[in-house]
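Dumped input25.cif below, it's mmCIF, C-alpha atoms and all ligand atoms:
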data_query
loop_
_atom_site.label_atom_id
_atom_site.label_comp_id
_atom_site.auth_asym_id
_atom_site.auth_seq_id
_atom_site.Cartn_x
_atom_site.Cartn_y
_atom_site.Cartn_z
CA MET A 415 3.10 18.06 -17.00
CA GLY A 416 1.31 15.45 -19.11
CA LYS A 417 -2.42 15.00 -19.19
CA LEU A 418 -2.32 12.06 -16.75
CA SER A 419 0.30 13.46 -14.41
CA VAL A 420 -0.33 13.70 -10.68
CA ARG A 421 1.60 14.61 -7.59
CA TYR A 422 2.02 11.96 -4.94
CA LEU A 423 4.31 12.28 -1.89
CA GLY A 424 5.71 15.44 -3.45
CA LEU A 425 6.83 13.46 -6.51
CA GLU A 426 5.62 14.09 -10.02
CA LEU A 427 4.12 10.94 -11.56
CA LYS A 428 3.39 10.84 -15.28
CA SER A 429 0.39 8.59 -14.56
CA PRO A 430 -1.64 8.01 -11.39
CA LEU A 431 -1.12 4.25 -11.84
CA ILE A 432 1.51 2.72 -9.55
CA VAL A 433 2.58 -0.91 -9.66
CA SER A 434 2.03 -1.93 -6.07
CA SER A 435 4.38 -3.87 -3.89
CA SER A 436 4.52 -7.54 -4.95
CA ARG A 437 6.66 -9.94 -6.96
CA LEU A 438 5.84 -7.71 -9.96
CA THR A 439 8.25 -5.14 -8.61
CA SER A 440 10.91 -7.50 -7.34
CA THR A 441 13.24 -7.51 -10.36
CA LEU A 442 14.82 -4.94 -12.62
CA GLY A 443 13.08 -6.57 -15.59
CA TYR A 444 9.62 -6.06 -14.10
CA ILE A 445 10.47 -2.53 -12.99
CA LYS A 446 11.59 -1.59 -16.52
CA GLU A 447 8.51 -3.24 -18.00
CA SER A 448 6.38 -1.17 -15.61
CA GLU A 449 7.99 2.06 -16.78
CA ASP A 450 7.67 1.05 -20.44
CA SER A 451 3.99 0.22 -19.89
CA GLY A 452 3.24 3.67 -18.47
CA ALA A 453 3.43 3.21 -14.69
CA GLY A 454 3.74 6.46 -12.78
CA ALA A 455 5.91 4.78 -10.12
CA VAL A 456 6.73 1.40 -8.64
CA VAL A 457 6.56 0.28 -5.02
CA LEU A 458 9.15 -2.44 -4.60
CA LYS A 459 8.34 -5.82 -3.13
CA SER A 460 8.43 -5.48 0.65
CA LEU A 461 11.34 -6.57 2.65
CA PHE A 462 9.53 -8.80 5.13
CA GLU A 463 10.82 -8.83 8.67
CA GLU A 464 9.02 -12.13 9.20
CA GLN A 465 10.48 -13.69 6.08
CA ILE A 466 14.03 -12.84 7.01
CA ASN A 467 13.64 -13.88 10.62
CA GLN A 468 12.20 -17.20 9.60
CA TYR A 469 15.09 -17.78 7.27
CA VAL A 470 17.56 -16.90 9.96
CA ASN A 471 15.91 -19.20 12.49
CA ASN A 472 16.00 -22.14 10.12
CA ILE A 473 19.75 -22.06 9.98
CA GLN A 474 21.18 -24.81 12.14
CA PRO A 475 23.97 -23.77 14.49
CA VAL A 476 27.27 -24.38 12.75
CA THR A 477 29.34 -24.21 15.91
CA SER A 478 28.72 -24.53 19.59
CA TYR A 479 29.70 -20.88 20.08
CA PRO A 480 26.64 -18.62 20.34
CA GLU A 481 28.69 -15.68 19.05
CA ALA A 482 29.35 -17.56 15.82
CA ASP A 483 25.64 -18.34 15.41
CA ASP A 484 24.84 -14.68 15.88
CA TYR A 485 27.40 -13.89 13.21
CA THR A 486 25.73 -16.34 10.80
CA ALA A 487 22.36 -14.75 11.46
CA TYR A 488 23.83 -11.30 10.98
CA TYR A 489 25.45 -12.33 7.70
CA ILE A 490 22.21 -13.72 6.29
CA LYS A 491 20.27 -10.67 7.38
CA SER A 492 22.70 -8.24 5.88
CA HIS A 493 22.96 -10.30 2.72
CA SER A 494 19.20 -10.06 2.02
CA VAL A 495 19.40 -6.44 2.92
CA ASP A 496 22.28 -5.84 0.53
CA GLU A 497 20.36 -7.47 -2.30
CA TYR A 498 17.46 -5.16 -1.60
CA LEU A 499 19.65 -2.06 -1.51
CA ASN A 500 21.24 -3.11 -4.79
CA LEU A 501 17.82 -3.46 -6.36
CA ILE A 502 17.03 0.13 -5.34
CA ARG A 503 20.34 1.47 -6.67
CA LYS A 504 20.09 -0.36 -9.97
CA ALA A 505 16.41 0.51 -10.43
CA LYS A 506 17.26 4.17 -9.91
CA GLU A 507 19.91 3.93 -12.65
CA LEU A 508 17.58 2.07 -14.99
CA VAL A 509 14.28 3.96 -14.86
CA ASN A 510 13.14 7.56 -14.61
CA ILE A 511 9.95 6.91 -12.65
CA PRO A 512 10.01 7.16 -8.84
CA VAL A 513 11.14 4.02 -7.04
CA ILE A 514 9.46 3.51 -3.66
CA PRO A 515 10.84 0.67 -1.54
CA SER A 516 8.63 -0.97 1.04
CA ILE A 517 9.28 -2.39 4.47
CA ASN A 518 6.95 -4.81 6.14
CA CYS A 519 7.30 -4.57 9.90
CA TYR A 520 5.62 -5.64 13.09
CA THR A 521 7.33 -3.65 15.77
CA ALA A 522 8.53 -0.15 16.36
CA GLU A 523 11.90 -1.65 17.27
CA GLY A 524 12.92 -3.34 14.04
CA TRP A 525 14.11 -1.85 10.78
CA THR A 526 14.25 1.80 11.66
CA GLY A 527 18.03 1.87 11.24
CA PHE A 528 17.75 0.04 7.96
CA ALA A 529 15.38 2.67 6.60
CA ARG A 530 18.26 5.10 6.42
CA ASN A 531 20.16 2.71 4.14
CA ILE A 532 17.16 2.67 1.86
CA GLN A 533 17.19 6.43 1.68
CA ASP A 534 20.94 6.44 1.02
CA ALA A 535 20.46 3.93 -1.80
CA GLY A 536 18.43 6.57 -3.63
CA ALA A 537 14.82 5.74 -2.78
CA ASP A 538 12.37 8.48 -3.73
CA ALA A 539 10.09 7.68 -0.79
CA LEU A 540 9.44 4.81 1.58
CA GLU A 541 6.24 2.82 2.00
CA ILE A 542 5.80 1.17 5.39
CA ASN A 543 3.56 -1.82 5.53
CA VAL A 544 2.77 -2.42 9.19
CA PHE A 545 0.89 -5.60 9.78
CA LEU A 546 -0.11 -6.32 13.34
CA LEU A 547 -2.31 -9.34 13.73
CA PRO A 548 -3.85 -8.94 17.19
CA THR A 549 -3.73 -12.43 18.68
CA ASP A 550 -3.51 -11.33 22.30
CA ARG A 551 -6.95 -10.59 23.76
CA LYS A 552 -5.43 -8.36 26.40
CA GLN A 553 -3.98 -6.02 23.79
CA THR A 554 -6.19 -2.99 23.17
CA ALA A 555 -6.69 -1.07 19.94
CA ALA A 556 -4.74 1.78 21.55
CA ASP A 557 -1.80 -0.61 22.22
CA SER A 558 -1.71 -1.57 18.55
CA GLU A 559 -2.03 1.98 17.31
CA LYS A 560 0.81 3.04 19.59
CA ILE A 561 3.13 0.76 17.64
CA TYR A 562 2.33 2.67 14.44
CA PHE A 563 2.91 6.00 16.10
CA GLU A 564 6.21 5.04 17.72
CA LEU A 565 7.46 3.61 14.47
CA ILE A 566 6.52 6.74 12.54
CA GLU A 567 8.14 9.00 15.12
CA LYS A 568 11.38 7.03 14.89
CA LEU A 569 11.40 7.01 11.12
CA LYS A 570 10.62 10.69 10.90
CA LYS A 571 13.68 11.46 13.02
CA ILE A 572 16.04 9.69 10.65
CA LEU A 573 14.51 10.08 7.19
CA THR A 574 14.19 13.09 4.94
CA ILE A 575 12.40 11.26 2.11
CA PRO A 576 8.59 11.13 2.25
CA ILE A 577 6.90 8.23 4.01
CA SER A 578 3.61 6.56 3.25
CA ILE A 579 1.93 4.10 5.57
CA LYS A 580 0.08 1.21 4.02
CA ILE A 581 -2.76 0.19 6.29
CA GLY A 582 -5.50 -2.40 6.45
CA PHE A 583 -9.06 -1.21 6.87
CA ARG A 584 -9.68 -2.81 10.26
CA PHE A 585 -9.37 0.13 12.61
CA SER A 586 -12.03 1.34 15.03
CA ASN A 587 -11.75 4.79 13.46
CA ILE A 588 -9.81 5.10 10.24
CA LEU A 589 -10.19 8.88 10.14
CA HIS A 590 -8.63 9.16 13.58
CA ILE A 591 -5.63 7.01 12.80
CA ILE A 592 -4.93 8.89 9.58
CA ASP A 593 -5.30 12.17 11.45
CA GLN A 594 -2.66 10.89 13.87
CA PHE A 595 -0.36 10.04 10.93
CA TYR A 596 -0.88 13.56 9.61
CA MET A 597 -0.03 15.06 13.03
CA ARG A 598 3.25 13.15 12.84
CA LYS A 599 3.91 14.60 9.38
CA VAL A 600 3.47 11.41 7.39
CA GLU A 601 3.17 12.37 3.73
CA GLY A 602 0.92 9.59 2.47
CA VAL A 603 -1.38 6.74 3.33
CA VAL A 604 -2.05 3.67 1.18
CA MET A 605 -5.64 2.50 1.54
CA PHE A 606 -5.69 -0.45 1.82
CA ASN A 607 -3.47 -3.47 1.96
CA ARG A 608 -5.14 -6.75 1.16
CA PHE A 609 -3.73 -9.39 3.43
CA TYR A 610 -3.22 -13.07 2.99
CA GLU A 611 -6.28 -14.70 4.60
CA PRO A 612 -7.16 -18.29 5.51
CA ASP A 613 -10.08 -20.24 4.08
CA ILE A 614 -11.39 -23.75 4.83
CA ASP A 615 -11.62 -26.62 2.37
CA ILE A 616 -14.60 -28.70 3.56
CA ASN A 617 -13.52 -31.72 1.50
CA THR A 618 -9.98 -32.02 2.72
CA LEU A 619 -10.77 -30.44 6.10
CA GLU A 620 -7.74 -28.25 5.74
CA VAL A 621 -7.18 -24.56 6.28
CA VAL A 622 -6.09 -23.27 2.89
CA PRO A 623 -5.16 -19.84 1.53
CA ALA A 624 -8.12 -17.75 0.37
CA SER A 625 -7.81 -16.22 -3.09
CA ILE A 626 -4.70 -14.10 -3.08
CA PHE A 627 -6.02 -11.92 -5.88
CA SER A 628 -8.71 -9.29 -5.51
CA ASN A 629 -11.71 -8.70 -7.69
CA GLU A 630 -13.34 -5.39 -8.50
CA ASN A 631 -16.18 -5.92 -6.01
CA GLU A 632 -13.65 -5.28 -3.27
CA ARG A 633 -13.75 -1.62 -4.24
CA ARG A 634 -16.73 -1.35 -1.95
CA MET A 635 -14.50 -1.52 1.13
CA VAL A 636 -12.16 1.15 -0.12
CA LEU A 637 -14.22 3.79 -1.87
CA ARG A 638 -16.06 5.10 1.18
CA TRP A 639 -12.87 5.68 3.13
CA ILE A 640 -11.00 7.36 0.31
CA GLY A 641 -14.01 9.63 -0.18
CA MET A 642 -14.04 10.43 3.54
CA VAL A 643 -10.29 10.85 4.08
CA SER A 644 -9.73 13.04 1.03
CA ALA A 645 -12.49 15.35 2.26
CA GLN A 646 -10.66 16.10 5.52
CA ASP A 647 -8.36 19.06 5.96
CA LEU A 648 -5.34 16.80 6.01
CA LYS A 649 -2.21 17.43 4.03
CA ILE A 650 -1.70 13.73 3.49
CA ASP A 651 -1.80 12.05 0.10
CA VAL A 652 -3.95 9.02 -0.48
CA SER A 653 -2.91 6.13 -2.67
CA ALA A 654 -5.75 3.74 -3.40
CA SER A 655 -5.07 0.02 -3.30
CA THR A 656 -7.35 -3.01 -3.67
CA GLY A 657 -9.75 -3.87 -6.41
CA VAL A 658 -8.38 -1.82 -9.31
CA HIS A 659 -8.98 -3.95 -12.39
CA SER A 660 -9.57 -1.36 -15.12
CA GLY A 661 -9.10 2.28 -16.03
CA ALA A 662 -12.68 2.81 -14.84
CA ASP A 663 -11.78 1.53 -11.36
CA ALA A 664 -8.84 3.94 -11.21
CA ILE A 665 -11.13 6.80 -12.29
CA ARG A 666 -13.56 5.92 -9.47
CA TYR A 667 -10.80 6.18 -6.86
CA LEU A 668 -9.54 9.45 -8.37
CA LEU A 669 -13.07 10.87 -8.30
CA ALA A 670 -13.27 9.83 -4.64
CA GLY A 671 -10.08 11.84 -4.05
CA ALA A 672 -7.09 9.49 -4.34
CA ASN A 673 -3.81 11.09 -5.46
CA SER A 674 -2.60 7.86 -7.02
CA VAL A 675 -3.90 4.37 -7.62
CA GLN A 676 -1.99 1.15 -7.06
CA VAL A 677 -2.51 -1.94 -9.17
CA CYS A 678 -1.49 -5.49 -8.34
CA SER A 679 -3.92 -8.40 -8.97
CA ALA A 680 -4.99 -7.08 -12.39
CA LEU A 681 -1.35 -7.07 -13.52
CA TYR A 682 -0.76 -10.60 -12.23
CA GLU A 683 -3.77 -11.70 -14.24
CA LYS A 684 -3.30 -9.64 -17.40
CA GLY A 685 0.39 -8.79 -17.41
CA ILE A 686 2.18 -5.53 -16.67
CA PRO A 687 1.52 -4.10 -20.20
CA PHE A 688 -2.18 -3.95 -19.24
CA LEU A 689 -1.21 -0.61 -17.67
CA LYS A 690 -1.11 0.86 -21.18
CA LYS A 691 -4.74 -0.06 -21.69
CA MET A 692 -5.70 1.34 -18.29
CA ASN A 693 -3.97 4.64 -19.04
CA SER A 694 -5.70 4.86 -22.39
CA GLN A 695 -9.08 4.06 -20.78
CA ILE A 696 -8.52 6.95 -18.36
CA GLU A 697 -7.55 9.30 -21.22
CA THR A 698 -10.53 8.32 -23.34
CA TRP A 699 -12.90 8.92 -20.44
CA MET A 700 -11.25 12.29 -19.72
CA ASP A 701 -11.71 13.31 -23.37
CA GLN A 702 -15.37 12.29 -23.26
CA LYS A 703 -15.92 14.35 -20.12
CA GLY A 704 -13.83 17.29 -21.30
CA TYR A 705 -11.17 17.03 -18.60
CA SER A 706 -7.66 18.05 -19.56
CA SER A 707 -5.92 17.07 -16.32
CA ILE A 708 -6.49 14.67 -13.43
CA ASN A 709 -6.84 17.66 -11.12
CA ASP A 710 -9.93 18.71 -13.09
CA PHE A 711 -11.86 15.86 -11.53
CA ARG A 712 -9.85 14.44 -8.62
CA GLY A 713 -11.99 14.48 -5.48
CA LYS A 714 -15.03 15.75 -7.38
CA LEU A 715 -17.17 13.05 -5.76
CA ASN A 716 -15.64 12.94 -2.30
CA TYR A 717 -17.53 13.37 0.95
CA ARG A 718 -17.12 17.14 0.86
CA ASN A 719 -17.77 17.81 -2.83
CA TYR A 720 -20.49 15.36 -3.70
CA LYS A 721 -23.96 16.86 -3.56
CA LYS A 722 -25.27 14.02 -1.37
CA PRO A 723 -22.53 13.35 1.19
CA LEU A 724 -24.86 11.07 3.12
CA ALA A 725 -24.18 8.49 0.41
CA PHE A 726 -20.81 7.96 2.09
CA GLU A 727 -22.31 7.66 5.57
CA ARG A 728 -25.05 5.25 4.80
CA THR A 729 -24.32 1.81 6.22
CA GLN A 730 -27.69 0.13 6.65
CA PHE A 731 -29.99 -1.32 4.06
CA MET A 732 -33.37 -0.51 5.62
CA LYS A 733 -34.44 1.97 2.97
CA TYR A 734 -33.16 -0.24 0.18
CA PHE A 735 -35.73 -2.87 1.01
CA SER A 736 -38.57 -0.50 1.79
CA SER A 737 -41.18 0.64 -0.73
CA GLU A 738 -39.52 4.07 -0.97
CA ASP A 739 -36.59 2.71 -2.97
C1 LIG B 1 1.17 -12.16 -4.69
C2 LIG B 1 1.08 -10.86 -3.93
C3 LIG B 1 2.19 -10.39 -3.23
C4 LIG B 1 2.11 -9.22 -2.48
N1 LIG B 1 3.20 -8.76 -1.81
C5 LIG B 1 3.10 -7.59 -1.11
C6 LIG B 1 4.23 -7.06 -0.44
O1 LIG B 1 5.34 -7.62 -0.46
N2 LIG B 1 4.08 -5.92 0.26
C7 LIG B 1 2.90 -5.24 0.30
O2 LIG B 1 2.83 -4.17 0.92
N3 LIG B 1 1.82 -5.70 -0.35
C8 LIG B 1 1.90 -6.85 -1.04
N4 LIG B 1 0.80 -7.33 -1.72
C9 LIG B 1 -0.44 -6.55 -1.66
C10 LIG B 1 -0.55 -5.66 -2.91
O3 LIG B 1 0.51 -4.72 -3.00
C11 LIG B 1 -1.88 -4.91 -2.94
O4 LIG B 1 -1.92 -3.97 -1.89
C12 LIG B 1 -3.09 -5.84 -2.81
O5 LIG B 1 -2.94 -7.00 -3.63
C13 LIG B 1 -4.38 -5.13 -3.21
O6 LIG B 1 -4.30 -4.63 -4.52
P1 LIG B 1 -4.99 -5.37 -5.78
O7 LIG B 1 -6.44 -5.43 -5.51
O8 LIG B 1 -4.64 -4.49 -6.95
O9 LIG B 1 -4.37 -6.71 -5.87
C14 LIG B 1 0.87 -8.50 -2.46
C15 LIG B 1 -0.22 -8.98 -3.18
C16 LIG B 1 -0.13 -10.15 -3.90
C17 LIG B 1 -1.34 -10.63 -4.65
#
Written as structure tokens, that's how I'd like the structure from this file.
Amino acid sequence: MGKLSVRYLGLELKSPLIVSSSRLTSTLGYIKESEDSGAGAVVLKSLFEEQINQYVNNIQPVTSYPEADDYTAYYIKSHSVDEYLNLIRKAKELVNIPVIPSINCYTAEGWTGFARNIQDAGADALEINVFLLPTDRKQTAADSEKIYFELIEKLKKILTIPISIKIGFRFSNILHIIDQFYMRKVEGVVMFNRFYEPDIDINTLEVVPASIFSNENERRMVLRWIGMVSAQDLKIDVSASTGVHSGADAIRYLLAGANSVQVCSALYEKGIPFLKKMNSQIETWMDQKGYSSINDFRGKLNYRNYKKPLAFERTQFMKYFSSED
């Protein structure tokens, strides 16, 4: 075990830094570059249910026979799927770090069968990126959460590889939902996804994409929950995602209790080899503090271990603006 090694989803990673699901993990070239730059693992670009369906729906009927149209749709679906499975197989031949494919899904109905093909292709684990945008005002939080649970239960019946669920942070009670994942024997949770969001351009009066890349201030939405979740008696690994732009950011998440740390925006901006610098920043800090392994300090500042746990609970600013502060 090297100085930076960690265990995540039962896998040994030589560094806590994982290249998170994005275009940066969509080709063999990027995957190899990630390994060469010191990544502990890669999460492949998600196979998007929405993306494939849209593609399928754009195809004009080639015959007047519905059966033939279904066949065309099936062919296109399985073709994208085959490309994805090939990427997994070839990545497994090419690199020694764990390869974690990702599926983006919206329902408990889709993709469960396909997950088995991913496992058979040699995946080390599977990350599930469930994105449910509640647009129906009659749908309750419990209705949405049920979709996660049904999906997990289905996947758990057919997969033997570990599963991690990548979630957004908009739940009524994050601790409860992660507890429910744990009860269903999910091995890991990725906290958090950072979704594509709309913004408004007041000059053109158009709805435009908000910045797709994070900045390190976004850590503020993540740190509390990693510190709280890692302090629970849950045998579920936490992978931090959002706002990691330096080795120092990764250290913060590890101190809060993350088992691994995913990086995306920083690598888009600085290139995949920036991982080398991040690893060396972590090592230098560990040397300064006298830590010889990540386990020496992981979780040291979580909700349970930090001397002032109320720091994680505090949500209001009253004291901040009073004369006491
Ligand atoms: C261009 C781009 C593409 C992404 N594609 C995916 C994806 O396919 N699946 C996924 O789960 N997350 C995807 N993400 C989200 C990232 O994996 C990551 O969770 C998010 O960007 C937050 O991490 P960061 O602050 O390091 O960027 C994408 C992010 C970006 C910027």
What are the nearest atom pairs, with distances in Å to one decimal, for all residues of chain A that come at most 6 Å from ligand LIG 1 (chain B), using all atoms listed in the file, set out by chain and rising residue number as a Markdown table?
| residue | atom | partner | partner_atom | distance |
| --- | --- | --- | --- | --- |
| A:Ser434 | CA | B:LIG1 | O3 | 4.4 |
| A:Ser435 | CA | B:LIG1 | O3 | 4.1 |
| A:Ser436 | CA | B:LIG1 | N1 | 3.6 |
| A:Arg437 | CA | B:LIG1 | C3 | 5.8 |
| A:Lys459 | CA | B:LIG1 | O1 | 4.4 |
| A:Ser460 | CA | B:LIG1 | O1 | 3.9 |
| A:Asn543 | CA | B:LIG1 | O2 | 5.2 |
| A:Asn607 | CA | B:LIG1 | O4 | 4.2 |
| A:Arg608 | CA | B:LIG1 | C12 | 4.6 |
| A:Ile626 | CA | B:LIG1 | C17 | 5.1 |
| A:Phe627 | CA | B:LIG1 | C17 | 5.0 |
| A:Ser628 | CA | B:LIG1 | O7 | 4.5 |
| A:Ser655 | CA | B:LIG1 | O6 | 4.9 |
| A:Thr656 | CA | B:LIG1 | O7 | 3.2 |
| A:Gly657 | CA | B:LIG1 | O7 | 3.8 |
| A:Val658 | CA | B:LIG1 | O8 | 5.2 |
| A:Val677 | CA | B:LIG1 | O8 | 4.0 |
| A:Cys678 | CA | B:LIG1 | O8 | 3.6 |
| A:Ser679 | CA | B:LIG1 | O9 | 3.6 |
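Among A:Asn617, A:Ser625, A:Asn531, A:Ser644, the residue with the shortest atom-to-atom distance to A:Lys714, counting only C-alpha atoms, is A:Ser644.
For the pair atom CA of A:Ala556 and atom CA of A:Thr526, the separation is 21.4 Å.
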**OP:** Tell me which protein, DNA and RNA residues are within 8 Å of A:Glu449, counting all atoms listed in the file, leaving out same-chain ones fewer than 5 positions away, and put them as JSON, numbers by chain.
**Re:** {"A": [454, 455, 509, 510, 511]}
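Shortest separation to A:Val652 among A:Leu501, A:Ala725, A:Val603, A:Leu546 occurs at residue A:Val603, atoms counted being all atoms listed in the file.
Distances here use all atoms listed in the file; by that measure, the residue among A:Ala539, A:Ile514, A:Leu431, A:Ile588 closest to A:Ser660 is A:Leu431.
Interatomic distance, atom CA of A:Lys580 to atom CA of A:Glu727: 23.4 Å.
Picture a line from atom CA of A:Phe726 to atom CA of A:Phe711; it runs 18.1 Å.
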**OP:** Point out the residue among A:Ile665, A:Ile579, A:Ile650, A:Val622 with the least atom-to-atom distance to A:Lys599, counting all atoms listed in the file.
**Re:** A:Ile650
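Considering the residues A:Val544, A:Leu458, A:Ile577, A:Ile592 and counting only C-alpha atoms, A:Leu425 has its shortest atom-to-atom contact with A:Ile577.
Minimum distance to A:Arg728 across A:Thr521, A:Lys504, A:Gly424, A:Arg638 (counting only C-alpha atoms) occurs at A:Arg638.
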Please enclose the listed atoms of stretch 643-661 of chain A in an axis-aligned box, pad each side by 6 Å, and write out the centre and the three edge lengths in Å, rounded to one decimal, as JSON.
{"center_x": -7.1, "center_y": 7.6, "center_z": -5.0, "size_x": 22.8, "size_y": 35.0, "size_z": 34.0}
**OP:** Would you mind listing what lies within 10 Å of A:Ala664 as a PyMOL selection string, with all atoms listed in the file counted and same-chain residues fewer than 2 positions away left out?
**Re:** chain A and resi 430-431+654-655+657-662+666-670+672+674-677+692-693+695-696
